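K.L.:
target.pdb is reproduced in full below (PDB, C-alpha atoms).
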```
ATOM      1  CA  MET R 164     142.868  97.048  97.750
ATOM      2  CA  ARG R 165     139.527  95.313  97.488
ATOM      3  CA  GLN R 166     138.856  95.746 101.218
ATOM      4  CA  LEU R 167     139.849  99.432 101.059
ATOM      5  CA  SER R 168     137.495  99.983  98.121
ATOM      6  CA  PHE R 169     134.678  98.221 100.009
ATOM      7  CA  ARG R 170     135.172 100.463 103.044
ATOM      8  CA  ARG R 171     135.168 103.614 100.941
ATOM      9  CA  SER R 172     132.032 102.630  99.060
ATOM     10  CA  ASN R 173     130.256 101.883 102.343
ATOM     11  CA  GLY R 174     131.560 104.865 104.282
ATOM     12  CA  ILE R 175     128.110 106.475 104.522
ATOM     13  CA  LEU R 176     126.730 103.304 106.088
ATOM     14  CA  TYR R 177     129.483 103.327 108.718
ATOM     15  CA  LEU R 178     128.660 106.972 109.505
ATOM     16  CA  MET R 179     125.005 106.017 109.980
ATOM     17  CA  LEU R 180     126.108 103.460 112.575
ATOM     18  CA  LEU R 181     128.224 106.013 114.440
ATOM     19  CA  PRO R 182     125.416 107.560 116.601
ATOM     20  CA  ALA R 183     124.301 104.114 117.778
ATOM     21  CA  VAL R 184     127.897 103.143 118.578
ATOM     22  CA  ILE R 185     128.440 106.362 120.555
ATOM     23  CA  LEU R 186     125.213 105.946 122.537
ATOM     24  CA  THR R 187     126.024 102.304 123.286
ATOM     25  CA  PHE R 188     129.497 103.268 124.470
ATOM     26  CA  ILE R 189     128.192 106.058 126.719
ATOM     27  CA  PHE R 190     125.273 104.196 128.297
ATOM     28  CA  SER R 191     126.495 100.585 128.214
ATOM     29  CA  TYR R 192     130.293 100.593 128.455
ATOM     30  CA  LEU R 193     131.246 103.693 130.437
ATOM     31  CA  PRO R 194     129.027 102.707 133.416
ATOM     32  CA  ILE R 195     130.970  99.436 133.732
ATOM     33  CA  GLY R 196     133.621 101.413 135.621
ATOM     34  CA  GLY R 197     131.079 101.984 138.396
ATOM     35  CA  LEU R 198     131.101  98.263 139.216
ATOM     36  CA  VAL R 199     134.074  98.925 141.522
ATOM     37  CA  MET R 200     131.449 100.107 144.039
ATOM     38  CA  ALA R 201     130.494  96.464 144.551
ATOM     39  CA  PHE R 202     133.894  95.911 146.186
ATOM     40  CA  GLN R 203     133.900  99.113 148.221
ATOM     41  CA  GLU R 204     132.014 100.788 151.019
ATOM     42  CA  TYR R 205     131.314 103.552 148.558
ATOM     43  CA  GLN R 206     130.774 107.074 149.852
ATOM     44  CA  PRO R 207     129.861 109.666 147.193
ATOM     45  CA  TRP R 208     131.849 112.432 148.910
ATOM     46  CA  LEU R 209     134.982 110.235 148.927
ATOM     47  CA  GLY R 210     134.665 109.016 145.344
ATOM     48  CA  PHE R 211     136.031 105.818 143.848
ATOM     49  CA  ASP R 212     139.630 106.571 144.791
ATOM     50  CA  HIS R 213     139.195 107.119 148.531
ATOM     51  CA  SER R 214     136.221 104.900 149.412
ATOM     52  CA  PRO R 215     137.405 101.950 151.564
ATOM     53  CA  TRP R 216     137.731  98.564 149.879
ATOM     54  CA  VAL R 217     135.793  95.708 151.491
ATOM     55  CA  GLY R 218     136.429  92.887 149.023
ATOM     56  CA  LEU R 219     133.522  90.451 148.777
ATOM     57  CA  ASP R 220     131.707  91.635 151.893
ATOM     58  CA  GLN R 221     128.881  93.181 149.890
ATOM     59  CA  PHE R 222     128.287  89.877 148.097
ATOM     60  CA  ARG R 223     128.206  87.979 151.399
ATOM     61  CA  MET R 224     125.508  90.331 152.623
ATOM     62  CA  ILE R 225     123.265  89.232 149.744
ATOM     63  CA  PHE R 226     122.814  85.821 151.364
ATOM     64  CA  GLN R 227     122.791  87.151 154.918
ATOM     65  CA  PHE R 228     119.800  89.455 154.466
ATOM     66  CA  PRO R 229     116.515  87.491 154.729
ATOM     67  CA  ASP R 230     114.885  90.047 152.437
ATOM     68  CA  ALA R 231     117.513  89.482 149.741
ATOM     69  CA  VAL R 232     117.030  85.701 149.757
ATOM     70  CA  GLN R 233     113.244  86.162 149.536
ATOM     71  CA  VAL R 234     113.709  88.582 146.639
ATOM     72  CA  ILE R 235     115.759  86.017 144.706
ATOM     73  CA  TRP R 236     113.049  83.410 145.281
ATOM     74  CA  ASN R 237     110.311  85.845 144.202
ATOM     75  CA  THR R 238     112.241  86.618 141.022
ATOM     76  CA  ILE R 239     112.680  82.956 140.103
ATOM     77  CA  VAL R 240     109.005  82.129 140.776
ATOM     78  CA  ILE R 241     107.575  85.077 138.835
ATOM     79  CA  ALA R 242     110.048  84.764 135.952
ATOM     80  CA  GLY R 243     109.519  80.982 135.796
ATOM     81  CA  LEU R 244     105.741  81.344 135.611
ATOM     82  CA  LYS R 245     106.118  83.984 132.898
ATOM     83  CA  ILE R 246     108.449  81.789 130.852
ATOM     84  CA  ILE R 247     106.213  78.714 131.059
ATOM     85  CA  SER R 248     103.008  80.591 130.277
ATOM     86  CA  GLY R 249     104.813  82.608 127.605
ATOM     87  CA  LEU R 250     105.602  79.360 125.792
ATOM     88  CA  ILE R 251     102.276  77.560 126.196
ATOM     89  CA  VAL R 252      99.782  80.356 125.451
ATOM     90  CA  PRO R 253     101.298  81.576 122.135
ATOM     91  CA  PHE R 254     101.792  77.965 121.032
ATOM     92  CA  ILE R 255      98.103  77.125 121.531
ATOM     93  CA  PHE R 256      96.896  80.451 120.135
ATOM     94  CA  ALA R 257      99.020  80.040 116.988
ATOM     95  CA  LEU R 258      97.499  76.584 116.425
ATOM     96  CA  LEU R 259      93.980  77.979 116.814
ATOM     97  CA  LEU R 260      94.661  81.000 114.612
ATOM     98  CA  ASN R 261      96.167  78.762 111.962
ATOM     99  CA  GLU R 262      92.805  77.000 111.601
ATOM    100  CA  VAL R 263      90.996  80.241 110.705
ATOM    101  CA  ARG R 264      90.265  80.218 106.997
ATOM    102  CA  VAL R 265      88.959  83.792 106.589
ATOM    103  CA  ASN R 266      92.161  85.778 106.017
ATOM    104  CA  ALA R 267      90.650  89.185 106.827
ATOM    105  CA  PHE R 268      89.368  87.964 110.187
ATOM    106  CA  LYS R 269      92.655  86.187 110.856
ATOM    107  CA  ARG R 270      94.724  89.333 110.201
ATOM    108  CA  THR R 271      92.369  91.429 112.344
ATOM    109  CA  ILE R 272      92.690  89.093 115.323
ATOM    110  CA  GLN R 273      96.452  88.922 114.891
ATOM    111  CA  THR R 274      96.706  92.730 114.867
ATOM    112  CA  LEU R 275      94.489  93.152 117.940
ATOM    113  CA  VAL R 276      96.474  90.721 120.086
ATOM    114  CA  TYR R 277      99.750  92.196 118.821
ATOM    115  CA  LEU R 278      98.965  95.827 119.727
ATOM    116  CA  PRO R 279      99.412  95.610 123.559
ATOM    117  CA  HIS R 280     103.081  94.777 122.997
ATOM    118  CA  PHE R 281     103.679  98.395 121.978
ATOM    119  CA  LEU R 282     102.076  99.908 125.100
ATOM    120  CA  SER R 283     104.393 100.783 127.982
ATOM    121  CA  TRP R 284     103.815  99.449 131.468
ATOM    122  CA  VAL R 285     103.380 103.026 132.661
ATOM    123  CA  ILE R 286     100.137 103.194 130.674
ATOM    124  CA  LEU R 287      99.052  99.616 131.321
ATOM    125  CA  GLY R 288      99.927  99.904 135.003
ATOM    126  CA  GLY R 289      97.569 102.856 135.424
ATOM    127  CA  ILE R 290      94.822 101.019 133.563
ATOM    128  CA  LEU R 291      95.223  97.877 135.685
ATOM    129  CA  VAL R 292      95.244  99.851 138.935
ATOM    130  CA  ASP R 293      91.887 101.396 137.993
ATOM    131  CA  ILE R 294      90.304  98.200 136.657
ATOM    132  CA  LEU R 295      91.434  96.021 139.582
ATOM    133  CA  SER R 296      90.755  98.528 142.364
ATOM    134  CA  PRO R 297      88.903  96.829 145.265
ATOM    135  CA  SER R 298      86.677  99.894 145.605
ATOM    136  CA  GLY R 299      84.950 100.702 142.349
ATOM    137  CA  GLY R 300      87.175  98.787 139.959
ATOM    138  CA  LEU R 301      85.402  97.301 136.936
ATOM    139  CA  PHE R 302      86.532  93.746 137.641
ATOM    140  CA  ASN R 303      85.487  93.825 141.296
ATOM    141  CA  ARG R 304      82.132  95.326 140.342
ATOM    142  CA  LEU R 305      81.569  92.290 138.139
ATOM    143  CA  LEU R 306      82.488  90.021 141.052
ATOM    144  CA  GLU R 307      80.050  91.839 143.321
ATOM    145  CA  ALA R 308      77.324  91.529 140.687
ATOM    146  CA  LEU R 309      77.919  87.770 140.746
ATOM    147  CA  GLY R 310      77.580  87.725 144.540
ATOM    148  CA  MET R 311      81.320  87.384 145.253
ATOM    149  CA  GLN R 312      83.539  89.389 147.571
ATOM    150  CA  PRO R 313      85.916  91.996 146.084
ATOM    151  CA  VAL R 314      89.526  90.896 145.691
ATOM    152  CA  PHE R 315      92.509  93.163 146.345
ATOM    153  CA  PHE R 316      94.525  91.912 143.359
ATOM    154  CA  LEU R 317      97.390  94.380 143.774
ATOM    155  CA  GLY R 318      97.436  94.323 147.575
ATOM    156  CA  ASN R 319      97.492  90.580 148.251
ATOM    157  CA  GLY R 320     100.816  88.860 147.603
ATOM    158  CA  ASN R 321      99.449  85.640 146.097
ATOM    159  CA  TRP R 322      96.930  87.471 143.922
ATOM    160  CA  PHE R 323      99.633  89.941 142.926
ATOM    161  CA  ARG R 324     101.752  87.166 141.407
ATOM    162  CA  VAL R 325      98.763  85.841 139.472
ATOM    163  CA  THR R 326      97.916  89.343 138.254
ATOM    164  CA  VAL R 327     101.501  89.986 137.147
ATOM    165  CA  VAL R 328     101.719  86.733 135.173
ATOM    166  CA  ILE R 329      98.297  87.063 133.504
ATOM    167  CA  SER R 330      98.815  90.711 132.559
ATOM    168  CA  ASP R 331     102.243  89.873 131.114
ATOM    169  CA  ILE R 332     100.685  87.085 129.025
ATOM    170  CA  TRP R 333      98.016  89.473 127.732
ATOM    171  CA  LYS R 334     100.629  92.045 126.757
ATOM    172  CA  GLU R 335     103.225  89.793 125.134
ATOM    173  CA  PHE R 336     101.589  86.628 123.784
ATOM    174  CA  GLY R 337     100.571  88.317 120.520
ATOM    175  CA  PHE R 338     104.190  89.162 119.753
ATOM    176  CA  SER R 339     105.352  85.620 120.549
ATOM    177  CA  THR R 340     102.575  84.186 118.392
ATOM    178  CA  ILE R 341     104.200  85.729 115.309
ATOM    179  CA  VAL R 342     107.231  83.476 115.765
ATOM    180  CA  TYR R 343     105.056  80.366 115.719
ATOM    181  CA  LEU R 344     103.008  81.646 112.768
ATOM    182  CA  ALA R 345     106.247  82.133 110.836
ATOM    183  CA  ALA R 346     107.195  78.535 111.643
ATOM    184  CA  LEU R 347     103.739  77.381 110.502
ATOM    185  CA  ALA R 348     104.182  79.214 107.198
ATOM    186  CA  GLY R 349     107.319  77.172 106.562
ATOM    187  CA  ILE R 350     105.582  73.775 106.776
ATOM    188  CA  ASN R 351     105.498  71.970 103.426
ATOM    189  CA  PRO R 352     101.850  71.940 102.170
ATOM    190  CA  SER R 353     102.465  68.563 100.539
ATOM    191  CA  LEU R 354     102.550  67.024 104.029
ATOM    192  CA  TYR R 355      98.939  68.053 104.608
ATOM    193  CA  GLU R 356      97.939  66.914 101.133
ATOM    194  CA  ALA R 357      99.488  63.486 101.704
ATOM    195  CA  ALA R 358      97.836  63.200 105.112
ATOM    196  CA  GLU R 359      94.447  64.188 103.677
ATOM    197  CA  THR R 360      94.877  61.594 100.936
ATOM    198  CA  ASP R 361      95.494  58.986 103.628
ATOM    199  CA  GLY R 362      92.225  59.993 105.298
ATOM    200  CA  ALA R 363      93.553  62.128 108.156
ATOM    201  CA  ASN R 364      91.105  64.721 109.499
ATOM    202  CA  ARG R 365      92.057  68.257 110.620
ATOM    203  CA  TRP R 366      92.692  67.171 114.211
ATOM    204  CA  GLN R 367      94.999  64.357 113.124
ATOM    205  CA  GLN R 368      96.844  66.675 110.721
ATOM    206  CA  THR R 369      97.370  69.166 113.530
ATOM    207  CA  LEU R 370      98.493  66.488 115.971
ATOM    208  CA  PHE R 371     100.914  64.657 113.683
ATOM    209  CA  ILE R 372     102.143  67.417 111.338
ATOM    210  CA  THR R 373     101.604  70.895 112.783
ATOM    211  CA  VAL R 374     102.549  70.254 116.405
ATOM    212  CA  PRO R 375     105.771  68.300 115.618
ATOM    213  CA  SER R 376     106.770  71.075 113.214
ATOM    214  CA  LEU R 377     106.416  73.684 115.967
ATOM    215  CA  VAL R 378     108.178  71.706 118.691
ATOM    216  CA  PRO R 379     111.746  72.620 117.519
ATOM    217  CA  MET R 380     110.844  76.329 117.631
ATOM    218  CA  ALA R 381     109.292  75.871 121.079
ATOM    219  CA  ILE R 382     112.491  74.164 122.263
ATOM    220  CA  VAL R 383     114.594  77.042 120.957
ATOM    221  CA  LEU R 384     112.398  79.688 122.591
ATOM    222  CA  GLY R 385     112.248  77.715 125.832
ATOM    223  CA  THR R 386     116.002  77.247 126.116
ATOM    224  CA  LEU R 387     116.714  80.875 125.208
ATOM    225  CA  SER R 388     114.271  81.949 127.912
ATOM    226  CA  LEU R 389     116.483  80.352 130.564
ATOM    227  CA  GLY R 390     118.751  83.381 130.355
ATOM    228  CA  ASN R 391     115.869  85.550 131.570
ATOM    229  CA  ILE R 392     115.077  83.515 134.692
ATOM    230  CA  LEU R 393     116.352  86.422 136.832
ATOM    231  CA  ASN R 394     114.528  89.063 134.766
ATOM    232  CA  ALA R 395     110.985  89.163 136.074
ATOM    233  CA  GLY R 396     110.172  92.533 134.502
ATOM    234  CA  PHE R 397     111.196  95.695 136.349
ATOM    235  CA  ASP R 398     108.844  98.016 134.432
ATOM    236  CA  GLN R 399     105.785  95.912 135.167
ATOM    237  CA  ILE R 400     106.521  95.225 138.838
ATOM    238  CA  PHE R 401     107.590  98.785 139.571
ATOM    239  CA  ASN R 402     104.350 100.217 138.174
ATOM    240  CA  LEU R 403     102.093  97.711 139.945
ATOM    241  CA  TYR R 404     103.594  96.813 143.318
ATOM    242  CA  SER R 405     103.372  98.486 146.724
ATOM    243  CA  PRO R 406     104.796  97.791 150.223
ATOM    244  CA  LEU R 407     101.818  95.501 150.821
ATOM    245  CA  VAL R 408     103.209  92.900 148.399
ATOM    246  CA  TYR R 409     106.962  93.223 148.967
ATOM    247  CA  THR R 410     107.133  89.749 150.519
ATOM    248  CA  LYS R 411     105.693  88.066 147.408
ATOM    249  CA  GLY R 412     106.174  90.609 144.620
ATOM    250  CA  ASP R 413     109.538  92.285 145.199
ATOM    251  CA  ILE R 414     112.112  91.148 142.604
ATOM    252  CA  ILE R 415     115.863  91.684 142.256
ATOM    253  CA  ASP R 416     115.612  94.756 140.020
ATOM    254  CA  THR R 417     113.079  96.585 142.196
ATOM    255  CA  TYR R 418     114.985  95.604 145.355
ATOM    256  CA  VAL R 419     118.246  96.934 143.910
ATOM    257  CA  TYR R 420     116.448 100.159 142.970
ATOM    258  CA  ARG R 421     115.060 100.636 146.474
ATOM    259  CA  MET R 422     118.284  99.693 148.257
ATOM    260  CA  GLY R 423     120.656 101.508 145.923
ATOM    261  CA  ILE R 424     118.733 104.631 144.918
ATOM    262  CA  GLN R 425     116.126 105.195 147.602
ATOM    263  CA  SER R 426     118.062 103.923 150.652
ATOM    264  CA  GLY R 427     121.472 105.112 149.488
ATOM    265  CA  GLN R 428     123.201 101.711 149.860
ATOM    266  CA  LEU R 429     124.973 102.099 146.536
ATOM    267  CA  SER R 430     127.628  99.435 147.118
ATOM    268  CA  PHE R 431     125.141  96.769 148.169
ATOM    269  CA  GLY R 432     122.820  97.587 145.269
ATOM    270  CA  THR R 433     125.726  97.428 142.813
ATOM    271  CA  ALA R 434     126.900  94.088 144.234
ATOM    272  CA  PHE R 435     123.419  92.610 143.979
ATOM    273  CA  GLY R 436     123.042  93.854 140.411
ATOM    274  CA  LEU R 437     126.452  92.456 139.465
ATOM    275  CA  PHE R 438     125.582  89.107 141.048
ATOM    276  CA  LYS R 439     122.413  88.973 138.958
ATOM    277  CA  SER R 440     124.314  89.885 135.775
ATOM    278  CA  LEU R 441     126.942  87.186 136.321
ATOM    279  CA  VAL R 442     124.322  84.483 136.947
ATOM    280  CA  SER R 443     122.300  85.650 133.932
ATOM    281  CA  THR R 444     125.409  85.535 131.730
ATOM    282  CA  VAL R 445     126.093  81.923 132.732
ATOM    283  CA  LEU R 446     122.463  80.994 132.081
ATOM    284  CA  ILE R 447     122.514  82.695 128.669
ATOM    285  CA  VAL R 448     125.614  80.748 127.642
ATOM    286  CA  ILE R 449     124.016  77.488 128.807
ATOM    287  CA  SER R 450     120.740  78.291 127.054
ATOM    288  CA  TYR R 451     122.460  78.988 123.729
ATOM    289  CA  ARG R 452     124.389  75.731 124.030
ATOM    290  CA  LEU R 453     121.142  73.854 124.644
ATOM    291  CA  ALA R 454     119.394  75.664 121.797
ATOM    292  CA  TYR R 455     122.188  74.678 119.428
ATOM    293  CA  LYS R 456     122.204  71.074 120.634
ATOM    294  CA  TYR R 457     118.463  70.407 120.634
ATOM    295  CA  GLY R 458     117.094  72.991 118.195
ATOM    296  CA  ASN R 459     120.054  73.495 115.835
ATOM    297  CA  TYR R 460     119.881  77.217 116.598
ATOM    298  CA  LYS R 461     122.953  79.402 116.485
ATOM    299  CA  ILE R 462     123.659  83.092 116.092
ATOM    300  CA  PHE R 463     127.153  82.844 114.619
TER     301      PHE R 463
END
```
Could I get this file's structure written as C-alpha cells?

P.N.:
Amino acid sequence: MRQLSFRRSNGILYLMLLPAVILTFIFSYLPIGGLVMAFQEYQPWLGFDHSPWVGLDQFRMIFQFPDAVQVIWNTIVIAGLKIISGLIVPFIFALLLNEVRVNAFKRTIQTLVYLPHFLSWVILGGILVDILSPSGGLFNRLLEALGMQPVFFLGNGNWFRVTVVISDIWKEFGFSTIVYLAALAGINPSLYEAAETDGANRWQQTLFITVPSLVPMAIVLGTLSLGNILNAGFDQIFNLYSPLVYTKGDIIDTYVYRMGIQSGQLSFGTAFGLFKSLVSTVLIVISYRLAYKYGNYKIF
C-alpha cells in the first residue's frame, strides 16, 4: 500500500519523464535492430530479411583494409593526446585560479574560459578555418609579420593533429576546471592554517596540501577517460578535416560516416561502428573498476 501511494503521489513526475523515455527508446534502442547489417551483405532493396548473411566477414575486413588500421591508430593517438592534455591543463589552471584572491576577477576569468564549452564545433570550425587559413588568416599574418613562413595548419597532417588537440583544450578545459575547483572547495581550511602555523609558505602549502587533495579526483577523471580512447571527437574532426589530412586526421567515426553513408558500404560501416562500441564498452567497464579501486568512485 505504501508503494502504491508513493507512485500515485509522484504520478506527475513519471509523466514528465515519459517524453525523455520515448525519445531514448526511438533514437537509442530501436536502431539496435539495424546492427544485423554488420553480419550481412546488406542491400537496401532486399531489406534485412533477404540480404545475404556473411557472418564475421565484415569484421575481418576491418583489419584487412590498410586505411581501417590507420584510422584506428589515428583515433588512439588523437584521443590519447586529448585525454592527457585534458587532465593536465585543467589541473594546472585550477591551481593557478585558486591562488587568485580577488573574487570578482576570479569569477570573471572562470566564466570566460567556461563559455567556449557551449559553442558548437560548427561555429568554432568556421572560425578556426578563417583564422588558420594559409592565405590571409590572422594567425599566419602574425607569423609573416615575425618573418616566418605561413603554415597550413588544417592541410598538413602533423599540424592538423596539433591543431585538433589545442583547439579541443581551449574549448573544454574551462568546463573540466570546475571539477577541480569543486574539489578544492572541499579541502579543510584548518590544514592550511596548521601549515601556515608551522611556517609553510604558499608554494609549500600548494605542494603538500592542495596537490595531494586533487590527485584522487585526477585519478578518477583519468581512469574514466579510458572509456573514451576510441572517441576522438566526430564533430570537431568532421568540421575541420579534408582529404589532405585523411592519413593523419581520419578517425573511426568520420571513416564510418564516409564508408557507410557516402560510399554506400552500409554493412562495413555498421561492423566498424559495432567493433568500436564493443571495445569502448570493455574499456568503460575497466575504467570504472579502476576508478572504484584507486579513487573510491562508484555510480551505484

K.L.:
What does the PyMOL selection byres ((chain R and resi 312-321) around 12) select in this file, as a VMD selection string?

P.N.:
chain R and resid 237 240 to 241 288 to 289 291 to 311 322 to 330 400 to 413

K.L.:
I'd like the contact shell of segment 274-287 of chain R - 12 Å cut-off, all atoms listed in the file, skipping same-chain residues fewer than 6 positions apart - returned as a ChimeraX atom specification.

P.N.:
/R:253,256-257,260,267-268,293-295,327,330-342,396-403

K.L.:
What does the file look like for those residues with C-alpha atoms, as a compact mmCIF listing (two decimals), in the coordinates of the input?

P.N.:
```txt
# COMPACT_ATOMS: atom_id res chain seq x y z
CA PRO R 253 101.30 81.58 122.14
CA PHE R 256 96.90 80.45 120.14
CA ALA R 257 99.02 80.04 116.99
CA LEU R 260 94.66 81.00 114.61
CA ALA R 267 90.65 89.18 106.83
CA PHE R 268 89.37 87.96 110.19
CA ASP R 293 91.89 101.40 137.99
CA ILE R 294 90.30 98.20 136.66
CA LEU R 295 91.43 96.02 139.58
CA VAL R 327 101.50 89.99 137.15
CA SER R 330 98.82 90.71 132.56
CA ASP R 331 102.24 89.87 131.11
CA ILE R 332 100.68 87.08 129.02
CA TRP R 333 98.02 89.47 127.73
CA LYS R 334 100.63 92.04 126.76
CA GLU R 335 103.22 89.79 125.13
CA PHE R 336 101.59 86.63 123.78
CA GLY R 337 100.57 88.32 120.52
CA PHE R 338 104.19 89.16 119.75
CA SER R 339 105.35 85.62 120.55
CA THR R 340 102.58 84.19 118.39
CA ILE R 341 104.20 85.73 115.31
CA VAL R 342 107.23 83.48 115.76
CA GLY R 396 110.17 92.53 134.50
CA PHE R 397 111.20 95.70 136.35
CA ASP R 398 108.84 98.02 134.43
CA GLN R 399 105.78 95.91 135.17
CA ILE R 400 106.52 95.22 138.84
CA PHE R 401 107.59 98.78 139.57
CA ASN R 402 104.35 100.22 138.17
CA LEU R 403 102.09 97.71 139.94
```

K.L.:
Determine, counting all atoms listed in the file, every residue of protein, DNA or RNA that lies within 10 Å of (95.8, 70.0, 110.2) in the file coordinates, then give the result as a PyMOL selection string.

P.N.:
chain R and resi 258+261-262+354-356+358-359+363-374

K.L.:
Written as a ChimeraX atom specification, what is the full residue list that the PyMOL selection byres ((chain R and resi 439) around 12) yields on the file shown?

P.N.:
/R:222,225,231,234-235,238-239,390-395,414-416,418-419,432-438,440-446

K.L.:
Find the distance between atom CA of Gln203 of chain R and atom CA of Leu429 of chain R and write it in Å to one decimal.

P.N.:
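For atom CA of Gln203 of chain R relative to atom CA of Leu429 of chain R, the distance reads 9.6 Å.
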